[in-house]
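Taking it in order: structure first as structure tokens, then the write-up.
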Amino acid sequence: MFKHLALAVTLAIAPLSTFAAQFVEGKHYTQISNKMVPSEPKVTEFFSFYCHNCFNMETKYIPEIKAGLDKQVTFDTKHVDFMNSDIGTEVMRALAVIHTFDNQEALKVAMFGAIQGEGNDSGHDHSAPGHEHAPEINSRDDIKKVFAKFDIDGAKYDALADSPETEKKLSLWRQQQVMFRIQSVPTFIVNDKYAINMNEMRTLDDLVNVMNYLALKK
């Protein structure tokens, strides 16, 4: 991902007119719905805690992406349901619970670490040949152990995980996964209307600029 990206990335936000000339529908992005542009422009990342590239995106690129977005553009995350299993649903619930806390980034990294193997914060390549790990998440009790490290007790976790708000979120995420034709992760959807073609993003600047262009596109 971003193989041609220099180690030091300087984000430069160009005028929207420049973006319009640079990005082509059908190549750099695809319109996936006919919805009106929302009053609050937004970028949504669909990802999975089981995805190695999603972990790399979370730790290496998401901070830069957020810093480069126009101040009008909000950033949201949603978990896909590719597994269609009990534990897959519990992991989705975990993200919904994370959304209720201020230390979301730390909690997400902890979940990545527990699912993909300890040492995720070391920056090694989890997709490397021969890489093995022992997942720690096989039940809700395992997930609660991760949250307990952040002083979130089991009773509080259960209350949030089983709340009507969480059920609504999971239902919406599943509906949008189908509606937006999410087939791989990470996938970025802008304004619930445009899907970015990650294969055409050569640098982080490309990704941030197309996000801003599409989010503020009238």
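Letters for chains follow the order of the structure tokens (A, B, ...), residue numbers begin at 1 for each chain, and ligand numbers begin at 1 in the order shown.
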Show which residues sit within 10 Å of Ser139 in chain A, as a list in words. Count only C-alpha atoms, and ignore same-chain residues fewer than 3 positions away.
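Result of the neighbour search: Asp86, Ile87, Gly88, Glu90, Val91, Glu136, Asp142, Ile143 and Lys144 of chain A.
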Emit the selected residues as a PDB file, in the first residue's frame, including N, CA, C and O atoms.
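Generated file (selection-v7.pdb):
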```pdb
ATOM      1  N   ASP A  86     -20.817 -15.671  14.927  1.00  0.00           N
ATOM      2  CA  ASP A  86     -21.030 -15.099  16.263  1.00  0.00           C
ATOM      3  C   ASP A  86     -19.847 -14.247  16.701  1.00  0.00           C
ATOM      4  O   ASP A  86     -20.023 -13.125  17.190  1.00  0.00           O
ATOM      5  N   ILE A  87     -18.625 -14.752  16.527  1.00  0.00           N
ATOM      6  CA  ILE A  87     -17.469 -13.977  16.965  1.00  0.00           C
ATOM      7  C   ILE A  87     -17.270 -12.757  16.072  1.00  0.00           C
ATOM      8  O   ILE A  87     -16.848 -11.693  16.528  1.00  0.00           O
ATOM      9  N   GLY A  88     -17.611 -12.892  14.796  1.00  0.00           N
ATOM     10  CA  GLY A  88     -17.533 -11.738  13.906  1.00  0.00           C
ATOM     11  C   GLY A  88     -18.455 -10.625  14.368  1.00  0.00           C
ATOM     12  O   GLY A  88     -18.088  -9.445  14.343  1.00  0.00           O
ATOM     13  N   GLU A  90     -19.477 -10.174  17.471  1.00  0.00           N
ATOM     14  CA  GLU A  90     -18.938  -9.634  18.717  1.00  0.00           C
ATOM     15  C   GLU A  90     -17.823  -8.631  18.452  1.00  0.00           C
ATOM     16  O   GLU A  90     -17.706  -7.616  19.146  1.00  0.00           O
ATOM     17  N   VAL A  91     -17.016  -8.900  17.453  1.00  0.00           N
ATOM     18  CA  VAL A  91     -15.941  -7.972  17.107  1.00  0.00           C
ATOM     19  C   VAL A  91     -16.518  -6.680  16.532  1.00  0.00           C
ATOM     20  O   VAL A  91     -16.020  -5.579  16.817  1.00  0.00           O
ATOM     21  N   GLU A 136      -6.116 -13.859  20.234  1.00  0.00           N
ATOM     22  CA  GLU A 136      -6.578 -13.909  21.612  1.00  0.00           C
ATOM     23  C   GLU A 136      -8.083 -13.716  21.727  1.00  0.00           C
ATOM     24  O   GLU A 136      -8.637 -13.801  22.818  1.00  0.00           O
ATOM     25  N   ASP A 142     -13.142 -12.643  25.946  1.00  0.00           N
ATOM     26  CA  ASP A 142     -11.806 -12.267  25.504  1.00  0.00           C
ATOM     27  C   ASP A 142     -11.747 -10.785  25.147  1.00  0.00           C
ATOM     28  O   ASP A 142     -10.758 -10.103  25.440  1.00  0.00           O
ATOM     29  N   ILE A 143     -12.789 -10.293  24.493  1.00  0.00           N
ATOM     30  CA  ILE A 143     -12.843  -8.875  24.135  1.00  0.00           C
ATOM     31  C   ILE A 143     -12.877  -8.013  25.393  1.00  0.00           C
ATOM     32  O   ILE A 143     -12.192  -6.987  25.483  1.00  0.00           O
ATOM     33  N   LYS A 144     -13.628  -8.447  26.384  1.00  0.00           N
ATOM     34  CA  LYS A 144     -13.735  -7.669  27.627  1.00  0.00           C
ATOM     35  C   LYS A 144     -12.395  -7.596  28.347  1.00  0.00           C
ATOM     36  O   LYS A 144     -12.119  -6.614  29.046  1.00  0.00           O
TER      37      LYS A 144
END
```
What's the 9 Å shell around Asp192 in chain A, counting only C-alpha atoms, without same-chain residues fewer than 6 positions away, as JSON, numbers by chain?
{"A": [32, 33, 35, 37, 38, 42, 43, 44, 176, 180]}
Atomic separation - CA of Met179 in chain A relative to CA of Ala96 in chain A, Å
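Going from CA of Ala96 in chain A over to CA of Met179 in chain A covers 19.8 Å.
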Can you list, as a list of chain:residue names, every residue of range 150-192 of chain A that DSSP puts in alpha helix (DSSP H)?
A:Gly154, A:Ala155, A:Lys156, A:Tyr157, A:Asp158, A:Ala159, A:Leu160, A:Ala161, A:Pro164, A:Glu165, A:Thr166, A:Glu167, A:Lys168, A:Lys169, A:Leu170, A:Ser171, A:Leu172, A:Trp173, A:Arg174, A:Gln175, A:Gln176, A:Gln177, A:Val178, A:Met179
Pairwise distance for CA of Asp151 in chain A and CA of Leu107 in chain A, rounded to one decimal in Å:
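Taking CA of Asp151 in chain A as the start and CA of Leu107 in chain A as the end point, the length is 11.3 Å.
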Write out as an mmCIF file with all heavy atoms, in the first residue's frame the residues lying within 10 Å of Ile65 in chain A, counting only C-alpha atoms and excluding same-chain residues fewer than 2 positions away.
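Result went into around_5.cif, see below:
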```
data_model
loop_
_atom_site.group_PDB
_atom_site.id
_atom_site.type_symbol
_atom_site.label_atom_id
_atom_site.label_comp_id
_atom_site.auth_asym_id
_atom_site.auth_seq_id
_atom_site.Cartn_x
_atom_site.Cartn_y
_atom_site.Cartn_z
ATOM 1 N N LEU A 11 1.653 16.855 3.603
ATOM 2 C CA LEU A 11 0.331 16.958 3.007
ATOM 3 C C LEU A 11 0.093 18.384 2.506
ATOM 4 O O LEU A 11 0.202 19.344 3.260
ATOM 5 C CB LEU A 11 -0.736 16.590 4.035
ATOM 6 C CG LEU A 11 -0.704 15.137 4.504
ATOM 7 C CD1 LEU A 11 -1.727 14.925 5.599
ATOM 8 C CD2 LEU A 11 -0.979 14.201 3.351
ATOM 9 N N MET A 57 -2.946 0.637 7.772
ATOM 10 C CA MET A 57 -3.625 1.905 7.491
ATOM 11 C C MET A 57 -3.880 2.669 8.778
ATOM 12 O O MET A 57 -3.645 3.886 8.875
ATOM 13 C CB MET A 57 -4.932 1.632 6.754
ATOM 14 C CG MET A 57 -5.755 2.872 6.436
ATOM 15 S SD MET A 57 -4.986 3.994 5.244
ATOM 16 C CE MET A 57 -5.198 3.051 3.720
ATOM 17 N N GLU A 58 -4.371 1.961 9.805
ATOM 18 C CA GLU A 58 -4.719 2.597 11.080
ATOM 19 C C GLU A 58 -3.513 3.262 11.727
ATOM 20 O O GLU A 58 -3.609 4.383 12.233
ATOM 21 C CB GLU A 58 -5.312 1.553 12.032
ATOM 22 C CG GLU A 58 -5.659 2.072 13.416
ATOM 23 C CD GLU A 58 -6.829 3.043 13.401
ATOM 24 O OE1 GLU A 58 -7.682 2.922 12.507
ATOM 25 O OE2 GLU A 58 -6.882 3.933 14.285
ATOM 26 N N LYS A 60 -0.235 3.742 10.375
ATOM 27 C CA LYS A 60 0.730 4.490 9.570
ATOM 28 C C LYS A 60 0.124 5.672 8.817
ATOM 29 O O LYS A 60 0.810 6.668 8.571
ATOM 30 C CB LYS A 60 1.391 3.545 8.557
ATOM 31 C CG LYS A 60 2.227 2.445 9.186
ATOM 32 C CD LYS A 60 2.824 1.541 8.112
ATOM 33 C CE LYS A 60 3.643 0.418 8.717
ATOM 34 N NZ LYS A 60 4.206 -0.489 7.680
ATOM 35 N N TYR A 61 -1.148 5.560 8.421
ATOM 36 C CA TYR A 61 -1.704 6.535 7.489
ATOM 37 C C TYR A 61 -2.908 7.323 8.000
ATOM 38 O O TYR A 61 -3.082 8.489 7.633
ATOM 39 C CB TYR A 61 -2.072 5.848 6.171
ATOM 40 C CG TYR A 61 -0.915 5.139 5.517
ATOM 41 C CD1 TYR A 61 -0.934 3.761 5.341
ATOM 42 C CD2 TYR A 61 0.206 5.844 5.090
ATOM 43 C CE1 TYR A 61 0.133 3.094 4.755
ATOM 44 C CE2 TYR A 61 1.278 5.187 4.498
ATOM 45 C CZ TYR A 61 1.244 3.813 4.333
ATOM 46 O OH TYR A 61 2.297 3.171 3.756
ATOM 47 N N ILE A 62 -3.766 6.692 8.807
ATOM 48 C CA ILE A 62 -4.982 7.380 9.244
ATOM 49 C C ILE A 62 -4.689 8.705 9.947
ATOM 50 O O ILE A 62 -5.377 9.706 9.691
ATOM 51 C CB ILE A 62 -5.853 6.469 10.135
ATOM 52 C CG1 ILE A 62 -6.436 5.313 9.314
ATOM 53 C CG2 ILE A 62 -6.992 7.266 10.780
ATOM 54 C CD1 ILE A 62 -7.343 5.727 8.172
ATOM 55 N N PRO A 63 -3.687 8.782 10.840
ATOM 56 C CA PRO A 63 -3.393 10.084 11.461
ATOM 57 C C PRO A 63 -3.081 11.165 10.432
ATOM 58 O O PRO A 63 -3.531 12.313 10.569
ATOM 59 C CB PRO A 63 -2.180 9.782 12.353
ATOM 60 C CG PRO A 63 -2.321 8.330 12.682
ATOM 61 C CD PRO A 63 -2.844 7.705 11.421
ATOM 62 N N ALA A 67 -5.363 14.529 9.484
ATOM 63 C CA ALA A 67 -4.727 15.846 9.545
ATOM 64 C C ALA A 67 -4.864 16.601 8.228
ATOM 65 O O ALA A 67 -4.912 17.838 8.207
ATOM 66 C CB ALA A 67 -3.250 15.698 9.902
ATOM 67 N N GLY A 68 -4.947 15.854 7.116
ATOM 68 C CA GLY A 68 -5.030 16.495 5.810
ATOM 69 C C GLY A 68 -6.425 16.798 5.323
ATOM 70 O O GLY A 68 -6.595 17.521 4.339
ATOM 71 N N LEU A 69 -7.439 16.274 6.001
ATOM 72 C CA LEU A 69 -8.812 16.535 5.574
ATOM 73 C C LEU A 69 -9.204 17.981 5.848
ATOM 74 O O LEU A 69 -8.788 18.575 6.848
ATOM 75 C CB LEU A 69 -9.780 15.602 6.308
ATOM 76 C CG LEU A 69 -9.755 14.125 5.907
ATOM 77 C CD1 LEU A 69 -10.719 13.327 6.778
ATOM 78 C CD2 LEU A 69 -10.099 13.940 4.427
ATOM 79 N N PHE A 75 -14.583 12.243 9.882
ATOM 80 C CA PHE A 75 -14.055 10.916 9.557
ATOM 81 C C PHE A 75 -14.697 9.894 10.472
ATOM 82 O O PHE A 75 -14.731 10.062 11.684
ATOM 83 C CB PHE A 75 -12.534 10.891 9.739
ATOM 84 C CG PHE A 75 -11.886 9.624 9.251
ATOM 85 C CD1 PHE A 75 -11.407 9.522 7.960
ATOM 86 C CD2 PHE A 75 -11.755 8.523 10.102
ATOM 87 C CE1 PHE A 75 -10.805 8.361 7.504
ATOM 88 C CE2 PHE A 75 -11.160 7.356 9.656
ATOM 89 C CZ PHE A 75 -10.678 7.273 8.357
ATOM 90 N N LEU A 204 -0.098 9.103 -0.545
ATOM 91 C CA LEU A 204 -1.062 9.527 0.457
ATOM 92 C C LEU A 204 -1.710 10.847 0.061
ATOM 93 O O LEU A 204 -2.883 11.087 0.345
ATOM 94 C CB LEU A 204 -0.359 9.675 1.819
ATOM 95 C CG LEU A 204 -1.270 9.788 3.045
ATOM 96 C CD1 LEU A 204 -2.173 8.579 3.176
ATOM 97 C CD2 LEU A 204 -0.454 9.973 4.314
ATOM 98 N N ASP A 205 -0.945 11.696 -0.612
ATOM 99 C CA ASP A 205 -1.509 12.950 -1.120
ATOM 100 C C ASP A 205 -2.688 12.675 -2.048
ATOM 101 O O ASP A 205 -3.715 13.351 -1.987
ATOM 102 C CB ASP A 205 -0.455 13.752 -1.886
ATOM 103 C CG ASP A 205 0.462 14.535 -0.969
ATOM 104 O OD1 ASP A 205 0.112 14.723 0.212
ATOM 105 O OD2 ASP A 205 1.532 14.955 -1.433
ATOM 106 N N LEU A 207 -4.728 10.172 -2.053
ATOM 107 C CA LEU A 207 -5.888 9.718 -1.283
ATOM 108 C C LEU A 207 -6.553 10.870 -0.547
ATOM 109 O O LEU A 207 -7.782 11.025 -0.588
ATOM 110 C CB LEU A 207 -5.453 8.629 -0.296
ATOM 111 C CG LEU A 207 -6.567 8.020 0.563
ATOM 112 C CD1 LEU A 207 -7.676 7.436 -0.302
ATOM 113 C CD2 LEU A 207 -5.998 6.947 1.494
ATOM 114 N N VAL A 208 -5.769 11.671 0.136
ATOM 115 C CA VAL A 208 -6.334 12.795 0.891
ATOM 116 C C VAL A 208 -6.994 13.801 -0.045
ATOM 117 O O VAL A 208 -8.093 14.307 0.229
ATOM 118 C CB VAL A 208 -5.244 13.482 1.735
ATOM 119 C CG1 VAL A 208 -5.790 14.750 2.391
ATOM 120 C CG2 VAL A 208 -4.717 12.535 2.812
ATOM 121 N N ASN A 209 -6.349 14.083 -1.164
ATOM 122 C CA ASN A 209 -6.898 15.071 -2.096
ATOM 123 C C ASN A 209 -8.206 14.617 -2.727
ATOM 124 O O ASN A 209 -9.140 15.407 -2.896
ATOM 125 C CB ASN A 209 -5.869 15.393 -3.184
ATOM 126 C CG ASN A 209 -4.711 16.207 -2.657
ATOM 127 O OD1 ASN A 209 -4.792 16.811 -1.582
ATOM 128 N ND2 ASN A 209 -3.613 16.217 -3.392
ATOM 129 N N MET A 211 -10.299 12.554 -1.377
ATOM 130 C CA MET A 211 -11.282 12.615 -0.294
ATOM 131 C C MET A 211 -11.853 14.022 -0.166
ATOM 132 O O MET A 211 -13.064 14.215 -0.077
ATOM 133 C CB MET A 211 -10.649 12.185 1.031
ATOM 134 C CG MET A 211 -10.417 10.700 1.172
ATOM 135 S SD MET A 211 -9.575 10.318 2.735
ATOM 136 C CE MET A 211 -9.590 8.509 2.681
#
```
Using only C-alpha atoms, pick whichever of A:Ser48, A:Thr166, A:Thr59, A:Asn138 has the shortest atom-to-atom distance to Glu105 in chain A.
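Closest to Glu105 in chain A, using only C-alpha atoms: A:Thr59.
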Of A:Phe49, A:Ala195, A:Lys168, A:Lys156, the one sitting nearest Ile115 in chain A when using only C-alpha atoms is A:Phe49
Could you name the residues that touch Ser171 in chain A at 12 Å or less, counting only C-alpha atoms, but leaving out those on the same chain fewer than 3 positions away, as a ChimeraX atom specification?
/A:78-81,89,92-93,96,164-168,174-178
As a list in words, list the residues of range 32-197 of chain A assigned to strand (DSSP E) by DSSP on the backbone atoms of this structure.
Lys42, Val43, Thr44, Glu45, Phe46, Phe47, Thr74, Phe75, Asp76, Thr77, Lys78, His79, Thr187, Phe188, Ile189, Val190, Tyr194, Ala195 and Ile196 of chain A
To one decimal place, how far is CA of Asn197 in chain A from CA of Asn84 in chain A in Å?
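Distance reported for this atom pair: 25.2 Å.
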Which is closer to Ser163 in chain A than all the others in A:Asn199, A:Gln116, A:Gln72, A:Thr100, using only C-alpha atoms?
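Checking each candidate against Ser163 in chain A, we get A:Thr100 as the closest.
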Set the distance at 12 Å and use only C-alpha atoms: which residues neighbour Ala106 in chain A once local chain neighbours fewer than 2 positions away are removed? I'd like the list as a list in words.
Glu58, Thr59, Leu95, Ile98, His99, Phe101, Asp102, Asn103, Gln104, Lys108, Val109, Ala110, Met111, Phe112, Gly113, Asp121, Val146, Phe147, Lys149 and Phe150 of chain A
Contacts of range 39-41 of chain A within 6 Å, only C-alpha atoms, excl. fewer than 2 positions in-chain, as number ranges by chain
A: 73, 191, 215
Could you take the residues named above and write them with N, CA, C and O atoms, as a PDB file, in the first residue's frame?
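Result saved to out_33.pdb:
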```pdb
ATOM      1  N   VAL A  73     -14.726  18.353   6.938  1.00  0.00           N
ATOM      2  CA  VAL A  73     -14.947  16.932   6.659  1.00  0.00           C
ATOM      3  C   VAL A  73     -14.729  16.094   7.918  1.00  0.00           C
ATOM      4  O   VAL A  73     -13.671  16.160   8.541  1.00  0.00           O
ATOM      5  N   ASN A 191     -19.209  10.727   1.599  1.00  0.00           N
ATOM      6  CA  ASN A 191     -20.577  11.272   1.564  1.00  0.00           C
ATOM      7  C   ASN A 191     -21.636  10.220   1.257  1.00  0.00           C
ATOM      8  O   ASN A 191     -22.708  10.542   0.728  1.00  0.00           O
ATOM      9  N   ALA A 215     -15.671  15.002  -0.997  1.00  0.00           N
ATOM     10  CA  ALA A 215     -16.460  15.409   0.170  1.00  0.00           C
ATOM     11  C   ALA A 215     -17.075  16.782  -0.032  1.00  0.00           C
ATOM     12  O   ALA A 215     -18.191  17.058   0.423  1.00  0.00           O
TER      13      ALA A 215
END
```
Closest of A:Tyr213, A:Thr187, A:Glu25, A:Glu200 to Asn53 in chain A - atom-to-atom distances counting only C-alpha atoms:
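Under the stated criterion, the closest residue is A:Thr187.
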